[in-house]
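Remarks on the structure that follows.
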Amino acid sequence: MRRLITFVTSFSICLVIAGPPVNVHAQAGDTQVIEIALSDLNTGQPVKLSGLMGSANLEVRIPNTFQVIDQSWLSVKVNSSQVLDQDRSSLTIGLNERQVASYRLSQLTGGVMKIDLSSGMFHQGLNTLTFNAMLHLPDDNETACSNWDDPSRWLEIGLESGLHLVVSPTNFALDLASFPQAFIEPVNHYIAGTEKNETTFVLPDEPTIDDLTSLVSLAYLFGHDAGRDFRWQPKVVSEQSGDVSAFKDRGVVLLRSKSRVVAPPPQTGIDIVMMRNSPWDIGHPLLYMSDHNPQDGFSPAQLLGDPIRRTMLRKSLAYLKPGSIQSPAPFQDVYTFDQLGYVNRTVRGLGESSLIYRVFIPYNVEPTNAFLKLVVSHSPDLDTDISSILVYINGFTVAGIVPSARSAQFEPIEINLPAARFRPGENFIRLTFDLQLPFSSCERAPQSVWASVDASSSLNIRFRQTVRTPTLTDYPMPYSDYPGFAFVLPDDYDLRTLEYITSLAFQFGQSSQHTYQPPVVFTSSKFNPETTDRVNLVLVGLPTQNPHIFSINRLLPQPFTEDGGGLEPGYGIYLPNSNEQAAIGLLETLASPWSNDGVLLVVTGTDAESLDWTWDVLLDPVYAQQFSGNVMVVGSEARITGSSGAIPAVTFIDSPEVSRFPMVGRLFQKLEPADVFPVLVSIETALLALLALLAILRWRDRSK
Amino acid sequence: MIPPSRLDWKILQVILLGFLAFLLAVALLAIYSNSFRAAPIFMFLLFLGVGGTLLFGPLRGGAAALVLVAGWITVKQNIGVWTDAHAFTNLLELIGLIILFVLSSWYGNTLRRLVEAYQQNQQKLEQFNLEDKRIGLIKQSIGQLRLQEEEERSMRYKRPFSLILIMIQPAEDVVWGSDEDILLLRSAANTVKISSRRTDMPFLAGPSTIGLLLPETTIEGASRVVHSLTQNMLDAKYLDIQRGTVRLHERLQIRYGFAAFLGQNETPIDMFSAAQRSLQKNMEMNAEPVFQSVFLEWEKVGTQPVSGSLVVEEKVVPS
């Protein structure tokens with residue numbers, strides 16, 4: 001029976017790849033409803049407009065595989081300040097720089113307003129929905145709007161508001177040019193009938209570590225292109241599963257699935273990658289990747305990490321030849337905003353508005369001194385005495401400057417930045433402009449006030465190369481950084497473990513700067529720490545399943561007992577009853593004993609259930625922001641079942657990492673709590689050193 | 001700072017107990033905040049700092065302690081506990097460490113002052129016992145120490161000095177009575193004291209030998225001292241219970257041994273041996289004792305050329 005299922009599934013897949021598209025679920029002409037809450041487009045917050053003139057832009061991306069049809073509409077529920085002049089105040093809604101509708105506030109107070117949207121206003125790609133509000137108070141005529149920033153001028157687009165798009169799949173032929181964007185379309189979150197943005201990976205019946213490397217490499221590349229805050233759910237199935245539902249409403253990746261029957265026939269010794277519309281849902285992509293030698297430790301997916309090769313991907317089929325993969329350019333002292341990927345940027349309007357710049361600091365770089373050369377120009381009307389520019393690094397205010405009166409001169413303003421505020425990985429420099437006018441006028445358009453940051457502005461960072469002490473505070477570094485990392489799995493891994501590591505690779509990709517070195521996978525029997533070129537490793541599994549975890553047990557911040565089923569007492573984790581081992585999930589980071597600058601992340605637990613708890617927390621982006629210390633403990637006692645399921649009890653422990661200490665570090669890292677002898681020896685050594693020093697000084701005094 | 005005179009050992013013991021308790025508290029705090037795995041490193045630094053400040057005092061020890069505190073912080077950074085999350089224990093640890101180093105520096109200083117005061121007292125006590133009371137001269141061991149100091153001083157500053165050994169023997173056909181040797185030696189010592197300058201130091205150089213250390217004195221100066229001494233010896237008298245007033249030279253005869261350092265030498269010198277060799281040479285040459293004729297053989301020490309003959313002959317006619 002099992003062989004029959006395998007045959008049927010394989011045959012189906014063969015037909016899919018070799019033959020014309022089989023329209024199983026959706027085809028051109030079918031309509032689908034996409035309902036997007038406006039708050040989802042605004043980081044989960046209601047859209048709030050304030051001041052005399054408030055505005056907000058929301059962006060929604062329509063993929064090429066869909067087209068919007070005429071039945072789409074926008075529902076708007078407005079809450080506003082009661083003291084506003086309801087007749088003079090207004091709200092204007094625009095889409096892609098075209099005005100859709102304007103309303104007096106008095107017209108919007110009734111309830112949810114439905115605004116029809118013409119299909120012609122949408123286009124494939126990024127669409128911008130604009131809300132502009134003029135918010136007047138009854139006494140504006142007398143005050144000439146001098147209190148333009150009165151907090152009572154506010155309007156909120158409520159949480160009930162949403163964008164209702166009716167779309168139909170197009171005949172757009174997906175090909176490799178859409179890789180990997182087609183797999184990570186944000187709008188897929190909102191398609192009716194799909195709960196998550198999922199991708200199904202189909203593995204061969206007996207996957208090799210090359211197949212697993214392809215799996216995580218692709219997930220890493222997807223994550224890199226998806227960017228932060230993108231929720232994505234992988235599903236890993238084997239060919240023999242026969243679960244066709246796993247292919248509907250989502251992208252599908254076939255990894256070396258029955259490559260002998262794939263058409264076009266692969267050339268001997270050359271791997272292929274192929275992409276087209278999914279036969280199970282024409283709006284989603286299907287990717288097929290072969291590996292002519294799945295035992296050689298090389299995955300063709302690694303080549304896709306090279307951005308130049310990726311740019312060259314065209315049409316539906318590409319041949320991949322192994323070759324050297326470039327390394328990223330070394331970190332420089334000076335980066336202009338242009339080099340960081342930002343053109344000249346302008347903020348408009350009275351009051352506060354911000355520009356955010358992303359800077360990536362490699363893991364082995366420690367800034368020692370930093371300053372910003374800011375080239376700013378602004379409108380001549382600006383009141384330079386009361387206007388200001390605040391500079392934030394990663395949320396901390398670091399400088400405040402007053403714009404110069406010479407609005408057109410491009411002389412850089414030099415701002416010292418505290419080097420300690422930079423962290424490895426992504427850093428955000430926020431420039432918050434508070435623009436003010438020297439006069440009050442309701443008539444003069446506040447939008448005439450502007451300030452612009454030139455792309456020639458530069459960030460100057462003096463730095464030194466460093467070997468950092470491993471800590472979860474730096475998470476997801478160094479795994480998001482060059483030179484990449486490797487997963488080490490137990491030999492008897494299951495599909496769920498593969499889904500976990502795929503999700504984790506995706507998360508690491510989301511924070512990555514480069515994709516030159518996507519992750520690789522080893523099983524514990526295939527992993528040799530002496531020969532691997534990956535210094536950073538993620539060890540996965542229970543200590544009883546993964547011998548590499550047990551081999552470094554004594555170096556772990558929190559070691560396991562000899563049988564691997566419990567935690568050694570005395571290392572900072574205190575169980576309520578030391579006689580009974582509780583189920584506890586652990587995430588530990590430590591310096592690699594196999595390389596001088598490598599870092600290990602150990603995802604483990606005392607039993608299978610607690611290991612799942614660890615994965616739950618590790619893959620939850622909310623928890624990732626709270627990571628600290630070098631041990632995360634996921635406990636069982638305080639787990640409470642709420643409406644959203646079990647909420648784990650998470651504790652972070654900071655246990656010193658001694659192994660990086662020169663010469664004796666690894667020896668001391670293996671110490672047990674009751675080892676007093678090394679302490680006594682060190683005290684004795686100190687006293688002997690003193691006596692020796694004393695003798696030397698005496699001898700020197702005598703010889704004078 | 002409490003003067004040592006007001007600190008007795010009991011108070012010091014109490015302070016020591018308090019100091020040890022504080023040391024233990026800081027050690028436990030360091031182990032608690034840095035884990036037992038890093039304990040050997042921090043205990044090494046802690047005891048090195050405490051020992052350094054104890055032994056080398058506030059200045060050199062304090063400088064060493066500052067270096068150790070910097071090392072302490074570096075180690076904490078290295079092992080990843082120099083973070084905001086550990087700010088409180090780090091601050092507590094550093095404050096404890098600095099207080100401990102200051103305390104150990106003060107304690108070491110106080111101990112050192114006490115030891116110095118004790119040594120001074122001991123020296124004073126020894127000074128009371130410097131002289132051989134029977135003869136009235138500094139004891140041989142003290143004299144040797146003083147001679148050694150003079151040798152070092154003269155070497156260092158390249159200054160000349162001389163040493164004269166005066167050996168007292170019974171005169172021809174004279175047999176000393178019981179304790180007469182002590183009596184004669186004391187009279188001779190008294191004469192030597194009278195004949196020497198304030199800077200000279202007579203001392204007991206042997207059972208029947210008087211040493212006379214002449215700082216800053218060349219051969220010529222020493223010869224004048226000898227001449228004066230011999231004259232005074234000839235004139236000296238002492239009171240014998242049986243014989244009444246007796247001239248000294250009637251009961252004893254004198255032989256001299258001379259050594260002079262000429263002010264320059266690369267290797268350590270031994271003036272006492274040189275003077276002894278001179279004395280021995282004078283005896284071997286069967287020279288007449290002083291009160292009949294003086295044959296002076298100098299042992300020269302040093303490399304500086306000296307004008308005049310190496311052998312100085314001088315006749316002294318007894319009166």
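Ordering of the structure tokens sets the chain letters (A, B, ...); residue numbers start at 1 within each chain; ligands are numbered from 1 in the order shown.
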
How close does stretch 174-257 of chain B get to stretch 152-168 of chain B? List, as a Markdown table, each residue of stretch 174-257 of chain B within 12 Å, its nearest atom pair and the distance in Å to one decimal, counting only C-alpha atoms.
```
| residue | atom | partner | partner_atom | distance |
| --- | --- | --- | --- | --- |
| B:Trp176 | CA | B:Ile168 | CA | 11.9 |
| B:Glu180 | CA | B:Ile168 | CA | 12.0 |
| B:Asp181 | CA | B:Ile168 | CA | 8.8 |
| B:Ile182 | CA | B:Ile168 | CA | 10.6 |
| B:Leu183 | CA | B:Ile168 | CA | 11.6 |
| B:Leu184 | CA | B:Ile168 | CA | 8.4 |
| B:Leu185 | CA | B:Ile168 | CA | 7.1 |
| B:Arg186 | CA | B:Ile168 | CA | 10.7 |
| B:Ser187 | CA | B:Ile168 | CA | 10.9 |
| B:Ala188 | CA | B:Ile168 | CA | 8.2 |
| B:Ala189 | CA | B:Ile166 | CA | 9.6 |
| B:Thr191 | CA | B:Ile166 | CA | 11.7 |
| B:Val192 | CA | B:Ile166 | CA | 9.3 |
| B:Ser196 | CA | B:Ile164 | CA | 11.3 |
| B:Thr199 | CA | B:Phe161 | CA | 11.4 |
| B:Asp200 | CA | B:Leu163 | CA | 9.7 |
| B:Met201 | CA | B:Leu163 | CA | 9.6 |
| B:Pro202 | CA | B:Ile164 | CA | 9.2 |
| B:Phe203 | CA | B:Leu165 | CA | 9.6 |
| B:Leu204 | CA | B:Leu165 | CA | 9.5 |
| B:Ala205 | CA | B:Leu165 | CA | 7.4 |
| B:Gly206 | CA | B:Met167 | CA | 8.6 |
| B:Pro207 | CA | B:Met167 | CA | 9.2 |
| B:Ser208 | CA | B:Ile168 | CA | 5.6 |
| B:Thr209 | CA | B:Met167 | CA | 4.4 |
| B:Ile210 | CA | B:Ile166 | CA | 5.0 |
| B:Gly211 | CA | B:Leu165 | CA | 4.6 |
| B:Leu212 | CA | B:Ile164 | CA | 5.1 |
| B:Leu213 | CA | B:Leu163 | CA | 4.8 |
| B:Leu214 | CA | B:Ser162 | CA | 5.0 |
| B:Pro215 | CA | B:Phe161 | CA | 4.7 |
| B:Glu216 | CA | B:Phe161 | CA | 4.7 |
| B:Thr217 | CA | B:Phe161 | CA | 4.6 |
| B:Thr218 | CA | B:Pro160 | CA | 5.9 |
| B:Ile219 | CA | B:Ser162 | CA | 7.0 |
| B:Glu220 | CA | B:Ser162 | CA | 9.9 |
| B:Gly221 | CA | B:Ser162 | CA | 8.8 |
| B:Ala222 | CA | B:Ser162 | CA | 6.6 |
| B:Ser223 | CA | B:Ile164 | CA | 9.7 |
| B:Arg224 | CA | B:Ile164 | CA | 11.9 |
| B:Val225 | CA | B:Ile164 | CA | 9.6 |
| B:Val226 | CA | B:Ile164 | CA | 8.3 |
| B:Leu229 | CA | B:Ile166 | CA | 10.3 |
| B:Thr230 | CA | B:Ile166 | CA | 10.5 |
| B:Met233 | CA | B:Ile168 | CA | 11.4 |
| B:Leu248 | CA | B:Ile168 | CA | 10.9 |
| B:His249 | CA | B:Ile168 | CA | 10.4 |
| B:Arg251 | CA | B:Ile168 | CA | 10.0 |
| B:Leu252 | CA | B:Ile168 | CA | 6.5 |
| B:Gln253 | CA | B:Ile168 | CA | 6.0 |
| B:Ile254 | CA | B:Ile168 | CA | 5.0 |
| B:Arg255 | CA | B:Met167 | CA | 5.2 |
| B:Tyr256 | CA | B:Ile166 | CA | 4.9 |
| B:Gly257 | CA | B:Leu165 | CA | 4.8 |
```

Do me a favour and pick out the residues of chain A within 7 Å of chain B, using only C-alpha atoms, as a count of residues only. 16

Apply DSSP to the backbone of this structure and, from stretch 67-305 of chain B, keep only the residues in strand (DSSP E or B); write these as an NGL selection string. :B and (131-132 or 137-138 or 161-170 or 201-206 or 209-215 or 237-240 or 244-247 or 252-261 or 294-301)

Output C-alpha atoms of each residue in that selection to a file, as a PDB file, in the first residue's frame.
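To be explicit, this is the file written out as out31.pdb:
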```
ATOM      1  CA  GLU B 131      80.453  46.953  74.884  1.00  0.00           C
ATOM      2  CA  ASP B 132      82.576  44.376  76.592  1.00  0.00           C
ATOM      3  CA  LEU B 137      85.530  48.390  74.167  1.00  0.00           C
ATOM      4  CA  ILE B 138      82.865  47.554  71.540  1.00  0.00           C
ATOM      5  CA  PHE B 161      90.247  54.386  55.282  1.00  0.00           C
ATOM      6  CA  SER B 162      92.644  52.505  57.520  1.00  0.00           C
ATOM      7  CA  LEU B 163      92.544  49.780  60.092  1.00  0.00           C
ATOM      8  CA  ILE B 164      95.093  49.225  62.838  1.00  0.00           C
ATOM      9  CA  LEU B 165      95.295  46.053  64.901  1.00  0.00           C
ATOM     10  CA  ILE B 166      97.093  46.419  68.219  1.00  0.00           C
ATOM     11  CA  MET B 167      98.212  43.156  69.779  1.00  0.00           C
ATOM     12  CA  ILE B 168      99.015  43.234  73.503  1.00  0.00           C
ATOM     13  CA  GLN B 169     101.551  40.707  74.793  1.00  0.00           C
ATOM     14  CA  PRO B 170     103.418  40.406  78.105  1.00  0.00           C
ATOM     15  CA  MET B 201      86.355  53.645  66.381  1.00  0.00           C
ATOM     16  CA  PRO B 202      88.331  51.357  68.677  1.00  0.00           C
ATOM     17  CA  PHE B 203      86.907  47.887  69.195  1.00  0.00           C
ATOM     18  CA  LEU B 204      87.876  44.544  70.606  1.00  0.00           C
ATOM     19  CA  ALA B 205      89.364  42.650  67.664  1.00  0.00           C
ATOM     20  CA  GLY B 206      90.426  39.504  69.522  1.00  0.00           C
ATOM     21  CA  THR B 209      93.885  42.493  70.187  1.00  0.00           C
ATOM     22  CA  ILE B 210      92.405  45.954  69.887  1.00  0.00           C
ATOM     23  CA  GLY B 211      91.173  47.169  66.526  1.00  0.00           C
ATOM     24  CA  LEU B 212      91.141  50.816  65.559  1.00  0.00           C
ATOM     25  CA  LEU B 213      89.033  51.821  62.601  1.00  0.00           C
ATOM     26  CA  LEU B 214      90.157  55.096  61.036  1.00  0.00           C
ATOM     27  CA  PRO B 215      87.555  56.409  58.527  1.00  0.00           C
ATOM     28  CA  LYS B 237     100.375  54.276  83.806  1.00  0.00           C
ATOM     29  CA  TYR B 238      98.020  52.121  85.751  1.00  0.00           C
ATOM     30  CA  LEU B 239      97.402  51.430  89.407  1.00  0.00           C
ATOM     31  CA  ASP B 240      98.355  47.955  90.613  1.00  0.00           C
ATOM     32  CA  GLY B 244     101.320  50.728  93.141  1.00  0.00           C
ATOM     33  CA  THR B 245     101.563  52.957  90.064  1.00  0.00           C
ATOM     34  CA  VAL B 246     103.123  51.047  87.195  1.00  0.00           C
ATOM     35  CA  ARG B 247     104.049  52.242  83.693  1.00  0.00           C
ATOM     36  CA  LEU B 252     103.376  44.690  78.165  1.00  0.00           C
ATOM     37  CA  GLN B 253     104.682  44.992  74.653  1.00  0.00           C
ATOM     38  CA  ILE B 254     102.723  45.925  71.540  1.00  0.00           C
ATOM     39  CA  ARG B 255     102.759  44.765  67.930  1.00  0.00           C
ATOM     40  CA  TYR B 256     100.872  46.508  65.162  1.00  0.00           C
ATOM     41  CA  GLY B 257      99.102  45.261  62.082  1.00  0.00           C
ATOM     42  CA  PHE B 258      98.158  47.844  59.471  1.00  0.00           C
ATOM     43  CA  ALA B 259      95.809  47.884  56.534  1.00  0.00           C
ATOM     44  CA  ALA B 260      94.910  50.837  54.442  1.00  0.00           C
ATOM     45  CA  PHE B 261      92.340  51.071  51.684  1.00  0.00           C
ATOM     46  CA  VAL B 294     108.958  49.625  65.605  1.00  0.00           C
ATOM     47  CA  PHE B 295     108.964  47.872  62.322  1.00  0.00           C
ATOM     48  CA  LEU B 296     105.858  48.767  60.438  1.00  0.00           C
ATOM     49  CA  GLU B 297     104.758  46.586  57.562  1.00  0.00           C
ATOM     50  CA  TRP B 298     101.654  47.974  55.867  1.00  0.00           C
ATOM     51  CA  GLU B 299      99.279  45.878  53.907  1.00  0.00           C
ATOM     52  CA  LYS B 300      98.097  47.968  51.084  1.00  0.00           C
ATOM     53  CA  VAL B 301      94.640  47.343  49.739  1.00  0.00           C
TER      54      VAL B 301
END
```

Which residue of A:His284, A:Lys248, A:Arg421, A:His136 approaches A:Phe66 most closely, using only C-alpha atoms: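 Ranked by minimum distance to A:Phe66, first place goes to A:His284.
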
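One distance worth recording is that between atom CA of A:Val398 and atom CA of A:Pro418, which is 7.2 Å.
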
Distance query A:Gln181 at most 8 Å, only C-alpha atoms, self and fewer than 4 positions along chain excluded, as a list in words: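 Near neighbours after the sequence-gap exclusion: Glu185, Phe222, Asp225 and Ala226 of chain A.
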
Test item, alpha helix (DSSP H) assignment across stretch 525-649 of chain A, answer as a VMD selection string: chain A and resid 547 to 551 608 to 618 621 to 624

What's around A:Trp615 at 12 Å? Count only C-alpha atoms, leave out sequence neighbours fewer than 6 positions away in its own chain, and write the answer as JSON, numbers by chain. {"A": [496, 497, 498, 499, 500, 501, 502, 503, 504, 540, 541, 585, 586, 587, 602, 603, 604, 605, 608, 609, 621, 623, 624, 632, 633, 634, 648]}

Same residues, C-alpha atoms, output as a CSV table (one decimal), in the first residue's frame:
```
chain,number,residue,atom,x,y,z
A,496,ARG,CA,9.0,18.2,12.4
A,497,THR,CA,12.6,18.8,13.3
A,498,LEU,CA,13.2,19.7,9.6
A,499,GLU,CA,10.3,22.2,9.8
A,500,TYR,CA,11.8,23.7,12.9
A,501,ILE,CA,15.3,24.2,11.4
A,502,THR,CA,13.7,25.5,8.1
A,503,SER,CA,11.8,28.1,10.1
A,504,LEU,CA,15.0,29.0,12.0
A,540,VAL,CA,19.8,20.3,17.7
A,541,GLY,CA,18.3,17.5,19.6
A,585,GLY,CA,13.7,23.0,27.5
A,586,LEU,CA,17.1,24.7,27.0
A,587,LEU,CA,18.6,27.0,24.6
A,602,VAL,CA,22.4,24.3,21.4
A,603,VAL,CA,18.7,23.7,21.0
A,604,THR,CA,17.9,21.0,23.5
A,605,GLY,CA,15.8,19.8,26.4
A,608,ALA,CA,11.1,15.4,23.5
A,609,GLU,CA,8.2,17.5,24.9
A,621,PRO,CA,9.7,36.5,17.1
A,623,TYR,CA,10.5,36.2,22.4
A,624,ALA,CA,13.6,36.7,20.2
A,632,MET,CA,17.2,30.2,28.0
A,633,VAL,CA,15.2,27.9,30.2
A,634,VAL,CA,11.7,27.0,29.1
A,648,PRO,CA,5.7,28.8,28.1
```

Could you work out how far atom CA of A:Ala37 lies from atom CA of A:Leu286, giving the answer in Å with one decimal?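 According to the coordinates, atom CA of A:Leu286 and atom CA of A:Ala37 are separated by 28.6 Å.
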
Atom CA of A:Glu426 to atom CA of A:Leu618, distance in Å rounded to a single decimal: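 Atom CA of A:Leu618 lies at a distance of 18.8 Å from atom CA of A:Glu426.
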
Find the spatial neighbours of stretch 379-395 of chain A, counting only C-alpha atoms, within a cut-off of 8 Å - ignore same-chain residues fewer than 3 positions away - and output them as a list in words.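 What passes the distance filter is Val398, Ala399, Gly400, Ile401, Val402, Pro403, Ser404, Ala405, Ser407, Arg421, Phe422, Asn427, Phe428, Ile429, Arg430, Leu431, Thr432, Phe433, Asp434, Leu435, Gln436, Leu437, Pro438, Ser448, Val449, Trp450 and Ala451 of chain A.
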
Save out the residues we just selected, N, CA and C atoms, as a compact mmCIF listing (two decimals), in the first residue's frame.
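Generated output (selection-v2.txt):
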```
# COMPACT_ATOMS: atom_id res chain seq x y z
N VAL A 398 20.90 60.02 21.03
CA VAL A 398 22.35 60.22 21.17
C VAL A 398 22.77 61.65 20.83
N ALA A 399 21.93 62.40 20.13
CA ALA A 399 22.32 63.78 19.79
C ALA A 399 21.10 64.58 19.40
N GLY A 400 21.19 65.86 19.63
CA GLY A 400 20.15 66.78 19.18
C GLY A 400 20.83 67.98 18.55
N ILE A 401 20.42 68.34 17.35
CA ILE A 401 21.10 69.46 16.69
C ILE A 401 20.05 70.43 16.17
N VAL A 402 20.49 71.65 15.99
CA VAL A 402 19.61 72.68 15.47
C VAL A 402 20.00 72.92 14.03
N PRO A 403 19.04 72.91 13.11
CA PRO A 403 19.42 73.10 11.70
C PRO A 403 20.00 74.50 11.47
N SER A 404 20.94 74.53 10.57
CA SER A 404 21.61 75.80 10.29
C SER A 404 20.69 76.71 9.50
N ALA A 405 20.95 78.02 9.60
CA ALA A 405 20.14 78.98 8.84
C ALA A 405 20.50 78.95 7.37
N SER A 407 20.28 77.29 4.51
CA SER A 407 19.50 76.14 4.10
C SER A 407 20.05 75.45 2.86
N ARG A 421 26.67 52.11 21.64
CA ARG A 421 25.25 51.92 21.30
C ARG A 421 25.07 51.02 20.08
N PHE A 422 26.14 50.81 19.33
CA PHE A 422 26.02 49.91 18.19
C PHE A 422 26.10 48.46 18.67
N ASN A 427 21.44 47.60 12.91
CA ASN A 427 21.35 48.80 13.75
C ASN A 427 20.50 49.81 13.00
N PHE A 428 19.79 50.61 13.76
CA PHE A 428 18.91 51.58 13.13
C PHE A 428 19.24 52.98 13.62
N ILE A 429 19.57 53.83 12.67
CA ILE A 429 19.79 55.25 13.00
C ILE A 429 18.53 55.99 12.58
N ARG A 430 17.91 56.61 13.55
CA ARG A 430 16.67 57.34 13.26
C ARG A 430 16.94 58.83 13.38
N LEU A 431 16.58 59.57 12.35
CA LEU A 431 16.68 61.03 12.39
C LEU A 431 15.26 61.57 12.53
N THR A 432 14.98 62.17 13.66
CA THR A 432 13.64 62.71 13.87
C THR A 432 13.69 64.23 13.74
N PHE A 433 12.97 64.71 12.76
CA PHE A 433 12.94 66.15 12.49
C PHE A 433 11.72 66.76 13.17
N ASP A 434 11.94 67.81 13.91
CA ASP A 434 10.82 68.58 14.46
C ASP A 434 10.85 69.93 13.75
N LEU A 435 10.01 70.06 12.74
CA LEU A 435 10.06 71.24 11.88
C LEU A 435 8.99 72.24 12.31
N GLN A 436 9.39 73.48 12.49
CA GLN A 436 8.48 74.52 12.97
C GLN A 436 8.60 75.75 12.06
N LEU A 437 7.48 76.49 12.01
CA LEU A 437 7.48 77.73 11.23
C LEU A 437 7.53 78.92 12.18
N PRO A 438 8.08 80.03 11.73
CA PRO A 438 8.14 81.20 12.62
C PRO A 438 6.82 81.96 12.69
N SER A 448 4.57 72.85 2.91
CA SER A 448 5.66 73.58 2.30
C SER A 448 6.92 73.53 3.16
N VAL A 449 6.79 73.07 4.43
CA VAL A 449 7.96 72.93 5.28
C VAL A 449 8.59 71.58 5.01
N TRP A 450 9.86 71.60 4.75
CA TRP A 450 10.51 70.33 4.44
C TRP A 450 11.97 70.36 4.89
N ALA A 451 12.52 69.20 5.05
CA ALA A 451 13.96 69.05 5.30
C ALA A 451 14.41 67.81 4.56
```

Spatial neighbours of stretch 366-369 of chain A, max dist 6 Å, only C-alpha atoms, sep filter under 6 positions, as an MDAnalysis selection string: chainID A and resid 419 461:464

Can you write out the residues you just picked, keeping C-alpha atoms, as a PDB file, in the first residue's frame?
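Wrote selection-v9.pdb, looks like this:
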```
ATOM      1  CA  ALA A 419      30.189  53.504  19.767  1.00  0.00           C
ATOM      2  CA  ILE A 461      32.983  54.099  12.180  1.00  0.00           C
ATOM      3  CA  ARG A 462      36.415  53.314  13.520  1.00  0.00           C
ATOM      4  CA  PHE A 463      36.470  49.720  14.599  1.00  0.00           C
ATOM      5  CA  ARG A 464      38.596  46.780  15.584  1.00  0.00           C
TER       6      ARG A 464
END
```

Which residue, A:Arg88, A:Gly598, A:Val112, A:Leu129, has the smallest gap to A:Asn141 when you use only C-alpha atoms?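 Counting only C-alpha atoms, the residue closest to A:Asn141 is A:Arg88.
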